[in-house]
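Down below is the structure, laid out as structure tokens.
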Amino acid sequence: YKMNKLMCNAYVKTGSYDKCRECIVLAKEYLGTLADNMSSRTNESKQTEKSLNLNMMVERADIQEIENDLSSLQLLSNRAKEELSRLKGPAVLALAQRMIAKSPMSPRPWLLQACGHILNHRNEKYSEEDTEKLRKAISQSVHSCVGAIPKFDKSYERFGEVLKSQVCDCAFKYGRILHHSGLMEEALMFFETLYSELQHTVGYRCKDLDSRLNPLLVECNLYHKLAAQKEKANDTFRKGNYKEAIRLYTLGMQTIPDHR
């Protein structure tokens, strides 16, 4: 029971929601078994029985508190993703900060923070200096995200689980939201910064990193292709060749139907 309780706390802080839920279920089962064993013991004094019952109440309260923290984090994560879809940068940043406070060793909120910085800049016309500031803000958030990944040489299983579920999968979802919202260049900046940071930080220890990051790499290549098609179509439009521009825009939309 104590081992599962400790694991629950660890999984909450590292943002592994599914693993935490599994440990909560196990901890409750073990706690139930302990309660059954206690009720079957008839030779205890009333004082001892009272003390044991009090301890059980404390343990149940502890598990309930962990479960409440988990539910709160999942709610914050879902709300942050919704606000990201609505392009509400300040809201995304605020929710990401609350997640970081509750789950400081989780990569997920740092990725949301990077996306929040992007949304805060989306309506501005970038100067070179502005672009560099945005790149720096994204880089700092991504650096913190990668720094939260468990050490590869300490636990290969934990490293793989967090890299997939909290880094690759979440980055893929968040990056697509940015791109679907018309922020193609920013989505590329987000993906490429993450890929570069992962290569620099864990690439030399994780030889199959590229295969793990394949969905992100495929997405980046598609974005580059779409960006080139869009630029060609824009240039054709500016030259007044509208029929050809329409053909090129249509070709771009057909390349990846769910990316507009």
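Following the order of the structure tokens, first chain is A, next is B, and so on, with residues numbered from 1 inside each chain and ligands from 1 in the order they appear.
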- Task: Might you pull out every residue within 12 Å of range 156-162 of chain A, with only C-alpha atoms counted and same-chain residues fewer than 4 positions away left off, and present them as a PyMOL selection string?
- Result: chain A and resi 10-11+14-19+105-108+145-152+166-170+202+205-206+208-209+212-213
- Message: Please determine, counting only C-alpha atoms, which residue among A:Lys13, A:His224, A:Arg135, A:Lys81 has the shortest atom-to-atom distance to Lys102 in chain A.
- Response: A:Lys13
- Report the residues of range 4-215 of chain A whose backbone DSSP state falls under alpha helix (DSSP H), written as a PyMOL selection string. chain A and resi 4-14+17-39+46-85+89-102+108-120+128-147+156-162+169-180+184-202+209-212+214-215
- Task: Name the residues in contact with Asn120 in chain A at a cut-off of 12 Å, using only C-alpha atoms, excluding same-chain residues fewer than 6 positions from it; report them as a list of chain:residue names.
- Result: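 Here the qualifying residues turn out to be A:Leu84, A:Leu87, A:Lys88, A:Gly89, A:Pro90, A:Ala91, A:Val92, A:Leu93, A:Gln113, A:Ala114, A:Asp130, A:Lys133, A:Leu134, A:Ala137, A:Ile138, A:Leu183, A:Glu186.
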- Which residue, A:Lys230, A:Asn55, A:Cys20, A:Cys115, has the smallest gap to Ala35 in chain A when you use only C-alpha atoms? A:Asn55
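In this structure, CA of Glu219 in chain A sits 26.7 Å away from CA of Glu244 in chain A.
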- Find the residue from A:Met189, A:Ala96, A:Leu6, A:Ser103 that sits nearest to Thr131 in chain A; use only C-alpha atoms when measuring.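 Of all the options, A:Met189 lies closest to Thr131 in chain A.
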- Query: So what do you get for CA of His179 in chain A versus CA of Leu194 in chain A, distance-wise?
  - Reply: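 So the two atoms, CA of His179 in chain A and CA of Leu194 in chain A, lie 15.7 Å apart.
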